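Participant: Structure file run-v5.txt, compact mmCIF, C-alpha atoms, is pasted below:
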```
# COMPACT_ATOMS: atom_id res chain seq x y z
CA MET C 6 115.07 77.98 87.15
CA LYS C 7 118.39 79.82 86.92
CA LYS C 8 121.23 78.51 89.05
CA THR C 9 123.95 80.82 90.35
CA ASP C 10 126.29 81.29 93.33
CA VAL C 11 124.65 84.38 94.79
CA ILE C 12 121.28 86.06 94.25
CA ILE C 13 121.56 89.77 94.93
CA ILE C 14 118.30 91.53 95.74
CA GLY C 15 118.57 95.22 94.94
CA ALA C 16 120.55 96.95 92.18
CA GLY C 17 121.52 100.00 94.21
CA PRO C 18 125.17 100.89 94.82
CA ILE C 19 125.63 98.14 97.40
CA GLY C 20 124.06 95.43 95.23
CA LEU C 21 126.24 96.48 92.33
CA PHE C 22 129.43 96.52 94.39
CA ALA C 23 128.49 93.10 95.73
CA VAL C 24 128.79 91.83 92.14
CA HIS C 25 132.35 93.16 92.13
CA GLN C 26 133.38 91.65 95.44
CA LEU C 27 131.88 88.28 94.47
CA GLY C 28 133.25 88.48 90.95
CA ILE C 29 136.86 88.95 91.98
CA LYS C 30 136.47 85.82 94.12
CA GLY C 31 135.25 83.92 91.08
CA LEU C 32 131.61 83.75 92.12
CA LYS C 33 128.69 84.22 89.74
CA ALA C 34 125.73 86.37 90.69
CA VAL C 35 122.42 87.68 89.41
CA VAL C 36 120.89 90.99 90.47
CA ILE C 37 117.13 91.48 90.81
CA ASP C 38 115.45 94.86 91.21
CA ASN C 39 111.89 96.15 91.13
CA LEU C 40 112.88 99.38 89.33
CA ASP C 41 113.37 99.53 85.57
CA LYS C 42 117.01 100.59 85.97
CA ALA C 43 120.02 100.01 88.18
CA GLY C 44 121.05 102.53 90.85
CA GLY C 45 118.35 102.27 93.53
CA GLN C 46 117.84 105.43 95.57
CA CYS C 47 120.89 107.01 93.88
CA ILE C 48 119.09 106.99 90.55
CA GLU C 49 115.49 107.26 91.70
CA LEU C 50 115.72 109.81 94.49
CA TYR C 51 118.82 111.89 93.88
CA PRO C 52 120.35 111.33 90.43
CA ASP C 53 121.49 114.99 90.28
CA LYS C 54 122.33 115.56 93.91
CA PRO C 55 126.00 115.54 94.91
CA ILE C 56 127.57 112.91 97.16
CA TYR C 57 130.77 113.97 98.96
CA ASP C 58 131.70 110.96 101.05
CA ILE C 59 132.76 108.26 98.63
CA PRO C 60 136.44 107.61 99.42
CA ALA C 61 138.76 109.11 96.77
CA VAL C 62 135.80 110.61 94.90
CA PRO C 63 135.56 114.20 96.20
CA GLU C 64 132.21 114.77 94.53
CA CYS C 65 129.85 112.82 92.30
CA THR C 66 126.13 112.61 91.66
CA GLY C 67 123.92 109.60 92.30
CA GLU C 68 123.81 108.98 88.58
CA GLN C 69 127.59 109.19 88.16
CA LEU C 70 128.13 106.80 91.04
CA THR C 71 125.77 104.30 89.43
CA THR C 72 127.38 104.65 86.00
CA ARG C 73 130.85 104.10 87.49
CA LEU C 74 129.76 101.06 89.48
CA LEU C 75 128.18 99.54 86.37
CA GLU C 76 131.45 100.18 84.56
CA GLN C 77 133.42 98.57 87.39
CA ILE C 78 131.38 95.35 87.25
CA LYS C 79 131.30 95.08 83.45
CA PRO C 80 134.03 92.39 83.34
CA PHE C 81 131.78 89.99 85.26
CA LYS C 82 128.97 90.13 82.66
CA THR C 83 126.37 89.82 85.40
CA GLU C 84 122.75 89.60 84.40
CA LEU C 85 120.45 92.27 85.85
CA PHE C 86 116.82 91.28 86.17
CA LEU C 87 114.95 94.57 86.30
CA ASN C 88 111.22 95.23 86.78
CA GLU C 89 111.19 92.10 88.92
CA ARG C 90 110.19 92.13 92.55
CA VAL C 91 111.31 89.23 94.69
CA ASP C 92 108.17 87.88 96.34
CA GLU C 93 109.17 84.55 97.81
CA VAL C 94 112.27 83.05 99.35
CA ASP C 95 112.18 79.32 100.16
CA LYS C 96 114.73 76.82 101.37
CA GLU C 97 115.60 73.78 99.28
CA ARG C 98 118.20 71.68 101.11
CA ASP C 99 121.36 73.83 101.20
CA ASN C 100 120.04 76.25 98.64
CA TRP C 101 117.64 79.16 98.51
CA VAL C 102 114.96 79.45 95.86
CA VAL C 103 113.81 82.93 94.95
CA LYS C 104 110.62 83.69 93.04
CA THR C 105 109.69 87.03 91.52
CA ASN C 106 106.31 88.61 90.86
CA ASN C 107 106.72 87.70 87.18
CA LYS C 108 107.28 84.04 88.08
CA LYS C 109 111.02 84.03 87.40
CA GLU C 110 112.90 81.54 89.57
CA PHE C 111 116.48 81.46 90.79
CA ILE C 112 118.41 79.01 92.96
CA ALA C 113 121.65 79.64 94.84
CA PRO C 114 123.35 78.78 98.12
CA ASN C 115 123.50 82.49 98.97
CA ILE C 116 121.28 85.56 98.91
CA ILE C 117 122.51 89.07 99.58
CA ILE C 118 119.68 91.47 100.39
CA ALA C 119 120.79 94.96 99.47
CA GLY C 120 117.30 96.34 99.36
CA GLY C 121 117.73 99.81 100.82
CA VAL C 122 114.43 100.76 102.40
CA GLY C 123 112.54 98.21 100.32
CA SER C 124 111.16 98.28 96.82
CA PHE C 125 109.96 101.35 95.01
CA GLU C 126 106.24 101.38 94.37
CA PRO C 127 104.02 104.11 92.96
CA ARG C 128 102.52 106.45 95.53
CA LYS C 129 98.77 106.17 95.52
CA LEU C 130 95.84 108.53 95.85
CA SER C 131 94.83 109.13 99.43
CA LEU C 132 91.27 107.82 99.01
CA LYS C 133 91.68 104.22 100.07
CA GLU C 134 88.37 103.12 98.57
CA LEU C 135 89.78 103.77 95.10
CA GLU C 136 91.85 100.62 95.45
CA LYS C 137 89.06 98.46 94.08
CA PHE C 138 89.30 100.29 90.76
CA GLU C 139 93.07 99.80 90.45
CA GLY C 140 94.02 98.24 87.15
CA LYS C 141 90.48 98.86 85.84
CA SER C 142 89.92 102.58 86.01
CA VAL C 143 92.63 103.80 88.39
CA PHE C 144 96.23 103.64 87.17
CA TYR C 145 99.60 104.86 88.37
CA ALA C 146 101.43 104.25 85.10
CA VAL C 147 100.57 104.06 81.44
CA ARG C 148 101.68 100.74 80.02
CA ASN C 149 99.54 100.66 76.88
CA LYS C 150 98.25 103.91 75.43
CA GLU C 151 95.43 102.07 73.62
CA HIS C 152 93.62 101.58 76.93
CA PHE C 153 93.37 105.34 77.31
CA LYS C 154 91.65 106.22 74.06
CA ASN C 155 88.25 107.95 73.91
CA LYS C 156 87.97 108.28 77.67
CA LYS C 157 87.33 111.01 80.19
CA ILE C 158 90.61 110.99 82.10
CA SER C 159 91.46 112.87 85.29
CA ILE C 160 95.23 113.13 85.70
CA PHE C 161 96.65 113.98 89.12
CA GLY C 162 100.12 115.37 89.75
CA GLY C 163 102.38 118.29 88.94
CA GLY C 164 105.52 116.67 87.62
CA ASP C 165 106.75 115.64 84.19
CA SER C 166 104.80 112.37 84.11
CA ALA C 167 101.51 114.15 84.74
CA LEU C 168 102.21 116.89 82.20
CA ASP C 169 103.61 114.58 79.52
CA TRP C 170 100.71 112.16 79.70
CA ALA C 171 98.14 114.94 79.85
CA LEU C 172 99.57 116.30 76.61
CA GLU C 173 99.95 112.91 74.93
CA LEU C 174 96.55 111.50 75.90
CA SER C 175 94.77 114.76 75.03
CA LYS C 176 95.19 113.74 71.39
CA PHE C 177 92.45 111.18 71.74
CA SER C 178 90.80 111.62 75.14
CA LYS C 179 89.23 114.33 77.24
CA ILE C 180 91.76 115.34 79.88
CA THR C 181 91.38 117.12 83.20
CA LEU C 182 94.73 117.85 84.85
CA ILE C 183 94.43 118.25 88.62
CA HIS C 184 97.18 119.52 90.93
CA ARG C 185 97.23 120.62 94.55
CA ARG C 186 98.97 123.94 93.93
CA ASN C 187 99.38 126.50 91.15
CA GLU C 188 103.01 125.74 90.38
CA PHE C 189 103.87 122.71 88.28
CA ARG C 190 107.34 121.29 88.67
CA GLY C 191 107.31 119.58 85.27
CA ALA C 192 108.93 121.05 82.17
CA GLN C 193 107.59 124.55 81.54
CA HIS C 194 107.35 124.13 77.76
CA THR C 195 105.02 121.16 78.24
CA LEU C 196 102.97 123.27 80.61
CA SER C 197 102.72 126.13 78.07
CA GLU C 198 101.49 123.67 75.45
CA LEU C 199 98.87 122.44 77.88
CA ARG C 200 97.87 126.01 78.74
CA LYS C 201 97.41 126.62 75.01
CA LEU C 202 95.16 123.57 74.73
CA GLU C 203 93.28 124.79 77.79
CA LYS C 204 92.54 128.11 76.05
CA GLU C 205 91.29 126.20 73.05
CA GLY C 206 89.02 124.27 75.37
CA LYS C 207 90.72 120.94 74.67
CA VAL C 208 92.20 120.34 78.11
CA SER C 209 90.92 121.39 81.50
CA ILE C 210 93.41 122.34 84.24
CA LYS C 211 92.35 122.53 87.88
CA THR C 212 94.78 123.67 90.54
CA GLN C 213 94.78 124.16 94.32
CA CYS C 214 92.46 121.24 94.73
CA GLN C 215 92.50 117.58 95.64
CA ILE C 216 90.27 114.59 95.17
CA GLU C 217 87.58 114.38 97.79
CA ALA C 218 85.15 111.72 96.65
CA PHE C 219 84.03 109.61 93.73
CA ASP C 220 80.91 107.93 92.46
CA ASN C 221 80.96 104.78 94.48
CA GLU C 222 79.25 102.52 91.99
CA LYS C 223 80.28 99.48 90.03
CA GLU C 224 82.10 101.62 87.54
CA LEU C 225 83.88 104.92 87.99
CA LYS C 226 81.69 107.68 86.52
CA SER C 227 82.74 110.88 88.20
CA ILE C 228 84.95 112.33 90.90
CA THR C 229 84.53 115.32 93.16
CA ILE C 230 87.45 117.62 93.78
CA LYS C 231 87.68 120.14 96.58
CA PHE C 232 89.46 123.46 96.18
CA GLU C 233 91.44 125.20 98.89
CA ASP C 234 88.67 127.78 99.32
CA GLY C 235 86.24 124.98 100.09
CA LYS C 236 84.43 124.94 96.74
CA LYS C 237 83.72 121.57 95.23
CA GLU C 238 83.40 120.47 91.66
CA LYS C 239 82.21 117.26 90.06
CA ILE C 240 84.21 116.02 87.09
CA LEU C 241 82.96 113.29 84.78
CA THR C 242 85.73 110.72 84.86
CA ASP C 243 86.03 107.14 83.77
CA VAL C 244 89.78 106.84 84.20
CA ILE C 245 92.02 108.27 86.94
CA LEU C 246 95.77 108.50 86.42
CA GLY C 247 97.89 109.39 89.45
CA PHE C 248 101.52 110.52 89.16
CA PHE C 249 102.85 111.17 92.64
CA GLY C 250 106.26 109.61 92.23
CA LEU C 251 107.52 106.51 93.94
CA ILE C 252 107.61 105.47 97.55
CA MET C 253 109.78 102.85 99.21
CA LYS C 254 107.99 99.93 100.76
CA LEU C 255 109.61 97.10 102.66
CA GLY C 256 107.14 94.76 100.99
CA PRO C 257 107.57 90.97 101.04
CA ILE C 258 111.00 91.07 102.78
CA ALA C 259 109.15 91.20 106.11
CA GLU C 260 107.70 87.75 105.45
CA TRP C 261 110.87 85.74 104.89
CA GLY C 262 111.34 84.79 108.52
CA LEU C 263 114.30 87.09 109.09
CA ASN C 264 114.89 88.76 112.44
CA MET C 265 113.84 92.35 111.97
CA ASP C 266 114.40 95.56 113.88
CA LYS C 267 111.60 97.87 112.70
CA LYS C 268 112.18 98.08 108.94
CA THR C 269 115.74 96.72 109.00
CA ILE C 270 117.22 93.22 109.06
CA GLU C 271 119.43 92.21 111.95
CA VAL C 272 122.82 90.86 110.90
CA ASN C 273 125.98 89.55 112.48
CA PRO C 274 128.60 92.25 111.79
CA LYS C 275 131.26 89.55 111.38
CA ASN C 276 129.92 88.45 108.00
CA PHE C 277 126.58 90.27 107.63
CA GLU C 278 124.67 87.04 107.75
CA THR C 279 121.07 87.19 108.98
CA ASN C 280 119.49 84.62 111.29
CA LYS C 281 119.13 82.39 108.21
CA LYS C 282 122.32 80.66 107.05
CA GLY C 283 123.23 81.86 103.58
CA ILE C 284 121.04 84.94 103.62
CA PHE C 285 122.98 88.15 104.05
CA ALA C 286 121.88 91.75 104.31
CA ALA C 287 123.96 94.83 103.53
CA GLY C 288 123.52 98.54 103.04
CA ASP C 289 120.69 100.61 104.47
CA ILE C 290 118.50 97.58 105.11
CA CYS C 291 120.81 95.87 107.63
CA SER C 292 121.19 96.73 111.27
CA TYR C 293 123.86 95.95 113.84
CA PRO C 294 125.33 97.91 116.75
CA GLY C 295 126.77 101.17 115.45
CA LYS C 296 125.31 100.83 111.96
CA LEU C 297 125.66 103.93 109.79
CA LYS C 298 123.44 104.29 106.73
CA LEU C 299 126.26 105.36 104.43
CA ILE C 300 127.11 104.02 101.00
CA LEU C 301 130.69 103.47 102.13
CA SER C 302 129.51 101.29 105.04
CA GLY C 303 127.54 99.17 102.59
CA PHE C 304 130.66 98.62 100.46
CA HIS C 305 132.47 97.24 103.49
CA GLU C 306 129.50 95.08 104.42
CA VAL C 307 129.31 93.32 101.04
CA ALA C 308 133.06 92.80 100.98
CA LEU C 309 132.79 90.77 104.18
CA ALA C 310 129.58 89.03 103.16
CA SER C 311 131.20 87.93 99.90
CA VAL C 312 133.83 85.93 101.82
CA GLU C 313 131.14 83.94 103.61
CA CYS C 314 129.30 83.50 100.29
CA PHE C 315 132.47 81.99 98.84
CA LYS C 316 132.74 79.47 101.67
CA ARG C 317 129.14 78.36 101.12
CA ALA C 318 129.32 78.27 97.31
CA ARG C 319 132.70 76.49 97.21
CA PRO C 320 132.70 74.28 100.31
CA ASN C 321 135.59 72.19 98.99
CA GLU C 322 137.88 75.10 98.22
CA LYS C 323 139.90 77.12 100.68
CA TYR C 324 139.26 80.85 100.65
CA LYS C 325 142.42 82.76 99.91
CA PHE C 326 142.60 86.47 100.62
CA GLU C 327 144.14 88.38 97.72
CA PHE C 328 144.80 91.97 96.67
CA THR C 329 143.55 93.18 93.29
CA THR C 330 146.89 94.97 92.83
CA SER C 331 148.98 91.82 92.94
CA SER C 332 146.72 88.84 92.22
CA LYS C 333 147.04 87.47 88.68
CA THR C 334 143.85 85.45 89.20
CA ILE C 335 141.81 88.52 90.07
CA GLN C 336 143.33 90.50 87.24
CA ASN C 337 142.35 87.73 84.83
CA ARG C 338 138.81 87.84 86.16
CA LEU C 339 138.82 91.58 85.58
CA GLY C 340 139.98 90.97 82.01
CA LYS C 341 143.38 92.58 82.59
CA LYS C 342 146.44 90.96 81.15
CA MET R 30 116.59 123.60 124.84
CA PRO R 31 113.55 124.43 122.70
CA LYS R 32 110.51 122.28 123.33
CA ILE R 33 108.73 120.82 120.32
CA THR R 34 105.28 119.28 120.54
CA TYR R 35 104.43 116.44 118.19
CA LYS R 36 100.76 115.68 117.86
CA ASP R 37 99.50 112.59 116.07
CA PHE R 38 96.36 112.45 113.93
CA ARG R 39 94.34 111.20 116.88
CA GLY R 40 95.37 114.24 118.90
CA ASP R 41 97.79 112.52 121.29
CA THR R 42 100.72 114.81 122.00
CA LYS R 43 104.31 114.36 123.07
CA THR R 44 106.54 117.28 123.97
CA ILE R 45 110.28 116.82 123.85
CA GLU R 46 113.35 119.00 124.09
CA VAL R 47 115.23 119.17 120.81
CA GLU R 48 118.74 120.53 120.60
CA ASN R 49 119.29 123.67 118.53
CA GLY R 50 120.56 122.82 115.07
CA LEU R 51 118.77 119.51 114.80
CA THR R 52 115.81 119.27 112.47
CA VAL R 53 112.26 118.62 113.64
CA MET R 54 112.58 115.27 111.84
CA GLU R 55 115.76 114.33 113.73
CA GLY R 56 114.12 115.33 117.00
CA ALA R 57 111.31 112.91 116.24
CA ILE R 58 113.52 110.02 115.07
CA GLN R 59 115.93 110.30 118.02
CA ASN R 60 113.03 110.28 120.45
CA GLU R 61 111.08 107.55 118.69
CA ILE R 62 108.09 109.75 117.93
CA PRO R 63 105.82 107.63 115.75
CA GLY R 64 104.35 108.91 112.48
CA ILE R 65 107.55 110.14 110.86
CA ASP R 66 109.35 107.63 108.62
CA ALA R 67 112.12 109.77 107.09
CA ASP R 68 113.08 107.00 104.68
CA CYS R 69 115.69 109.05 102.80
CA GLY R 70 117.37 110.26 105.99
CA GLY R 71 116.80 113.97 105.45
CA SER R 72 117.97 114.53 101.90
CA MET R 73 114.59 115.96 100.85
CA ALA R 74 114.02 113.04 98.54
CA CYS R 75 111.09 111.05 99.86
CA ALA R 76 108.38 113.13 101.61
CA THR R 77 107.95 110.58 104.41
CA CYS R 78 108.74 113.08 107.18
CA HIS R 79 105.73 115.15 106.13
CA ILE R 80 104.03 117.11 108.93
CA TYR R 81 101.46 119.86 109.36
CA VAL R 82 102.73 122.97 111.12
CA ASP R 83 100.40 124.64 113.57
CA GLU R 84 99.00 127.74 111.81
CA LYS R 85 100.37 130.23 114.33
CA TRP R 86 103.90 128.98 113.73
CA LEU R 87 103.81 129.01 109.93
CA ASN R 88 105.17 132.54 109.60
CA LYS R 89 107.96 131.98 112.10
CA ILE R 90 109.58 129.26 110.04
CA PRO R 91 111.55 130.11 106.87
CA LYS R 92 109.33 129.43 103.86
CA ALA R 93 109.67 126.14 102.01
CA GLU R 94 112.02 126.19 99.06
CA GLU R 95 110.66 125.16 95.70
CA ALA R 96 112.33 121.75 95.95
CA GLU R 97 110.56 121.12 99.24
CA GLU R 98 107.19 122.11 97.74
CA ASP R 99 107.90 119.76 94.85
CA MET R 100 108.43 116.91 97.29
CA ILE R 101 105.31 117.81 99.28
CA ASP R 102 103.32 117.24 96.06
CA MET R 103 104.09 113.58 96.64
CA ALA R 104 103.25 113.46 100.31
CA PHE R 105 100.18 111.71 101.69
CA GLU R 106 97.32 114.23 101.99
CA PRO R 107 99.23 117.48 101.69
CA LYS R 108 97.59 120.64 103.07
CA LYS R 109 98.35 124.35 103.06
CA ASN R 110 100.39 124.01 106.26
CA SER R 111 102.33 120.98 105.03
CA ARG R 112 106.10 120.92 105.51
CA LEU R 113 108.88 118.37 105.47
CA SER R 114 110.15 118.12 109.03
CA CYS R 115 113.70 117.45 107.79
CA GLN R 116 113.79 121.02 106.49
CA ILE R 117 112.84 122.77 109.73
CA ILE R 118 115.91 123.48 111.82
CA VAL R 119 115.25 123.95 115.51
CA ASN R 120 116.36 127.20 117.17
CA ASP R 121 115.38 129.13 120.30
CA GLU R 122 112.70 131.03 118.41
CA LEU R 123 110.90 127.77 117.70
CA ASP R 124 110.55 126.96 121.39
CA GLY R 125 106.97 125.75 121.76
CA LEU R 126 106.51 124.75 118.11
CA GLU R 127 103.59 122.41 117.51
CA VAL R 128 103.45 120.03 114.57
CA THR R 129 100.97 117.32 113.66
CA THR R 130 101.94 114.09 111.98
CA PRO R 131 99.63 112.81 109.23
CA GLU R 132 97.61 109.64 109.59
CA LYS R 133 100.28 107.87 107.56
CA GLN R 134 103.25 108.75 105.42
CA THR R 135 102.56 106.55 102.42
```
Mind turning this structure into structure tokens?
Facilitator:
Amino acid sequence: MKKTDVIIIGAGPIGLFAVHQLGIKGLKAVVIDNLDKAGGQCIELYPDKPIYDIPAVPECTGEQLTTRLLEQIKPFKTELFLNERVDEVDKERDNWVVKTNNKKEFIAPNIIIAGGVGSFEPRKLSLKELEKFEGKSVFYAVRNKEHFKNKKISIFGGGDSALDWALELSKFSKITLIHRRNEFRGAQHTLSELRKLEKEGKVSIKTQCQIEAFDNEKELKSITIKFEDGKKEKILTDVILGFFGLIMKLGPIAEWGLNMDKKTIEVNPKNFETNKKGIFAAGDICSYPGKLKLILSGFHEVALASVECFKRARPNEKYKFEFTTSSKTIQNRLGKK
Amino acid sequence: MPKITYKDFRGDTKTIEVENGLTVMEGAIQNEIPGIDADCGGSMACATCHIYVDEKWLNKIPKAEEAEEDMIDMAFEPKKNSRLSCQIIVNDELDGLEVTTPEKQT
């Protein structure tokens, strides 16, 4: 179990800036995120889209904002635990114990939840009954290519993931690529390669159609797709791969006993503490009268929460407000001489 | 003010007045119409404000841009008349517009 001053849930812009605000006060933190990289929605939803309302930054993209925040918190050498979803939060005397889906454990007097709209999870196929095949013959990611050799694979989606894996797996499996419309948004050169393979009869591409049914037996044997004109076709399939991007799900946060308002966590706007002492929420996931879901609001929220975190992590020390411009202590922490 | 009718997958309808210039998504969120999540807040980045536009209105709304179609690929049960409600801006010509929300957004 790793001990720290503050456990930050969410590596989006607010979680990252929390590291800064805690760091200049001399507090240690860890950051946990379900995605495989830092940046949250900024990196997952709009890495290339411009943001115009970061103070003193007239224009930057989601990716640039993330890169700059990571740069800004470098001096604090904070550990980021990625690909980890926080599942459980339990009280242990004056501390909180956090457990992830991969059984990692952390303990700290404070938690800052900067979870945006929740954790990113793969979007699934609309046929709910397919759930029972998940992890056996229905997948939403390729972790180990070996599992996909010598199979009849139906790949759904029109983006880069669908095209790339169709091409890659076609080397040793029979691929049917299925997409709801004629246009693919993935890289066109990958598509032309696939079209070439299609002409050679090595890959089959079906468009303007969606999954309608599947062989509901013990094992997946075939699926039926339905075209826009109403025609149906049966496709022998023992593996389905779906690439529909990611969706945000509130997930386990709803079960931690926090006062919620729909999908957001109610906080006291004085210090952004929730109804549980030592658990704070900031950024899009918190709600209070007048809340605006802006990145700049989140920055303010973690600044205030970090003061309360200090009081809880250092009960015997007096909190002293300082400016980064003039405080030697802060400048030392930032590695400036 | 133009009236917009939101129908849910069961067929229950709610008609509300939405100010010109707002999006069909904003009209729904501000009036607590269920069935539209709009997780990304209207930046065309999440496909959780997905709706079906009544056939007779399809031609009266500016066509979806490519980026919107790309997002609709990721929506739950997309159809030919699928749109993202954050991309439909209300104006007087849309008075009477009828949209249906899907059974769920994710």
Participant: Counting all atoms listed in the file, which residues of chain C sit at most 8 Å from some atom of chain R, and what is each one's closest atom pair with its distance in Å to one decimal, listed by chain and rising residue number, as a Markdown table?
Facilitator:
```
| residue | atom | partner | partner_atom | distance |
| --- | --- | --- | --- | --- |
| C:Leu50 | CA | R:Ala74 | CA | 5.5 |
| C:Tyr51 | CA | R:Ala74 | CA | 6.8 |
| C:Val122 | CA | R:Asp68 | CA | 6.8 |
| C:Arg128 | CA | R:Thr135 | CA | 6.9 |
| C:Lys129 | CA | R:Thr135 | CA | 7.9 |
| C:Leu130 | CA | R:Phe105 | CA | 7.9 |
| C:Ser131 | CA | R:Glu106 | CA | 6.2 |
| C:Gly162 | CA | R:Asp102 | CA | 7.3 |
| C:Gly163 | CA | R:Asp102 | CA | 7.3 |
| C:Arg185 | CA | R:Asp102 | CA | 7.1 |
| C:Arg190 | CA | R:Asp99 | CA | 6.4 |
| C:Phe249 | CA | R:Met103 | CA | 4.8 |
| C:Gly250 | CA | R:Met103 | CA | 6.3 |
| C:Ile252 | CA | R:Cys75 | CA | 7.0 |
| C:Met253 | CA | R:Asp68 | CA | 7.6 |
```
Participant: What is the distance between CA of Asn264 in chain C and CA of Ala57 in chain R, in Å to one decimal?
Facilitator: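 Pair CA of Asn264 in chain C / CA of Ala57 in chain R returns 24.7 Å.
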Participant: Which residue is closest to Ile117 in chain R? Choose from R:Val47, R:Ile65, R:Met54, R:Ile33 and count all atoms listed in the file.
Facilitator: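 Using all atoms listed in the file, the shortest distance to Ile117 in chain R belongs to R:Met54.
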Participant: Just how far from CA of Ala34 in chain C is CA of Met6 in chain C, in Å to one decimal?
Facilitator: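 Spanning CA of Met6 in chain C to CA of Ala34 in chain C is a straight-line distance of 14.0 Å.
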Participant: If you measure from CA of Val307 in chain C to CA of Cys115 in chain R, what distance in Å do you get, rounded to one decimal?
Facilitator: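 So the answer is 29.5 Å.
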Participant: Tell me, as a list of chain:residue names, which residues lie within 12 Å of Leu299 in chain C, counting all atoms listed in the file; anything in the same chain fewer than 3 positions away does not count.
Facilitator: C:Pro18, C:Ile19, C:Cys47, C:Ile56, C:Tyr57, C:Asp58, C:Ile59, C:Pro60, C:Gly121, C:Ala287, C:Gly288, C:Asp289, C:Ile290, C:Cys291, C:Gly295, C:Lys296, C:Ser302, C:Gly303, C:Phe304, C:His305, C:Glu306, R:Cys69, R:Gly70
Participant: Skip Thr34 in chain R itself and residues of its chain fewer than 4 positions away, then list as a list in words all residues within 12 Å of it, counting only C-alpha atoms.
Facilitator: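 Result of the neighbour search: Gly40, Asp41, Thr42, Lys43, Thr44, Ile45, Glu46, Val47, Val53, Gly56, Ala57, Asn60, Ile62, Ile80, Tyr81, Val82, Asp83, Trp86, Leu123, Asp124, Gly125, Leu126, Glu127, Val128, Thr129 and Thr130 of chain R.
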Participant: Please define a box with edges along x, y and z of the file around all atoms of range 292-305 of chain C given in the file, extend it by 5 Å on each side, and return its centre and edge lengths in Å to one decimal, as lines of an AutoDock Vina configuration file.
Facilitator:
```
center_x = 126.8
center_y = 100.7
center_z = 108.6
size_x = 21.3
size_y = 19.4
size_z = 26.3
```
Participant: Closest to Glu233 in chain C among R:Glu122, R:Asn110, R:Phe38, R:Glu132, using all atoms listed in the file?
Facilitator: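 Of all the options, R:Asn110 lies closest to Glu233 in chain C.
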Participant: Please provide the set of residues having any atom within 8 Å of Cys214 in chain C, restricted to only C-alpha atoms, with same-chain residues fewer than 4 positions apart removed, written as a ChimeraX atom specification.
Facilitator: /C:183-186,230-233
Participant: Could you check which of C:Glu139, C:Asp41, C:Glu84, C:Glu64 is closest to Gly247 in chain C, using only C-alpha atoms?
Facilitator: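 That would be C:Glu139, the residue with the smallest distance to Gly247 in chain C.
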Participant: Which residue is closest to Glu134 in chain C? Choose from C:Val91, C:Ala218, C:Leu199, C:Ile300 and count only C-alpha atoms.
Facilitator: C:Ala218
Participant: For range 235-247 of chain C in the structure I just supplied, write out N, CA and C atoms - as a PDB file, in the first residue's frame.
Facilitator:
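The resulting out16.pdb:
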```pdb
ATOM      1  N   GLY C 235     -32.766  -3.006 -46.058  1.00  0.00           N
ATOM      2  CA  GLY C 235     -33.567  -4.056 -45.439  1.00  0.00           C
ATOM      3  C   GLY C 235     -33.022  -5.462 -45.647  1.00  0.00           C
ATOM      4  N   LYS C 236     -32.101  -5.611 -46.604  1.00  0.00           N
ATOM      5  CA  LYS C 236     -31.514  -6.942 -46.854  1.00  0.00           C
ATOM      6  C   LYS C 236     -30.718  -7.407 -45.653  1.00  0.00           C
ATOM      7  N   LYS C 237     -30.683  -8.718 -45.482  1.00  0.00           N
ATOM      8  CA  LYS C 237     -29.911  -9.266 -44.370  1.00  0.00           C
ATOM      9  C   LYS C 237     -28.868 -10.229 -44.899  1.00  0.00           C
ATOM     10  N   GLU C 238     -27.793 -10.365 -44.129  1.00  0.00           N
ATOM     11  CA  GLU C 238     -26.767 -11.306 -44.548  1.00  0.00           C
ATOM     12  C   GLU C 238     -26.171 -11.978 -43.315  1.00  0.00           C
ATOM     13  N   LYS C 239     -25.938 -13.268 -43.438  1.00  0.00           N
ATOM     14  CA  LYS C 239     -25.341 -14.018 -42.340  1.00  0.00           C
ATOM     15  C   LYS C 239     -23.837 -14.087 -42.583  1.00  0.00           C
ATOM     16  N   ILE C 240     -23.062 -13.835 -41.558  1.00  0.00           N
ATOM     17  CA  ILE C 240     -21.610 -13.885 -41.710  1.00  0.00           C
ATOM     18  C   ILE C 240     -21.025 -14.817 -40.660  1.00  0.00           C
ATOM     19  N   LEU C 241     -20.329 -15.842 -41.132  1.00  0.00           N
ATOM     20  CA  LEU C 241     -19.685 -16.762 -40.186  1.00  0.00           C
ATOM     21  C   LEU C 241     -18.652 -15.979 -39.379  1.00  0.00           C
ATOM     22  N   THR C 242     -18.788 -16.040 -38.083  1.00  0.00           N
ATOM     23  CA  THR C 242     -17.970 -15.206 -37.201  1.00  0.00           C
ATOM     24  C   THR C 242     -17.689 -15.936 -35.906  1.00  0.00           C
ATOM     25  N   ASP C 243     -16.419 -16.071 -35.534  1.00  0.00           N
ATOM     26  CA  ASP C 243     -16.211 -16.571 -34.180  1.00  0.00           C
ATOM     27  C   ASP C 243     -15.621 -15.527 -33.243  1.00  0.00           C
ATOM     28  N   VAL C 244     -15.219 -14.380 -33.825  1.00  0.00           N
ATOM     29  CA  VAL C 244     -14.769 -13.278 -32.969  1.00  0.00           C
ATOM     30  C   VAL C 244     -15.354 -11.966 -33.492  1.00  0.00           C
ATOM     31  N   ILE C 245     -15.891 -11.159 -32.583  1.00  0.00           N
ATOM     32  CA  ILE C 245     -16.351  -9.814 -32.945  1.00  0.00           C
ATOM     33  C   ILE C 245     -15.417  -8.809 -32.294  1.00  0.00           C
ATOM     34  N   LEU C 246     -14.979  -7.833 -33.091  1.00  0.00           N
ATOM     35  CA  LEU C 246     -14.190  -6.728 -32.533  1.00  0.00           C
ATOM     36  C   LEU C 246     -14.966  -5.445 -32.803  1.00  0.00           C
ATOM     37  N   GLY C 247     -15.247  -4.672 -31.765  1.00  0.00           N
ATOM     38  CA  GLY C 247     -15.984  -3.418 -31.944  1.00  0.00           C
ATOM     39  C   GLY C 247     -15.086  -2.233 -31.628  1.00  0.00           C
TER      40      GLY C 247
END
```
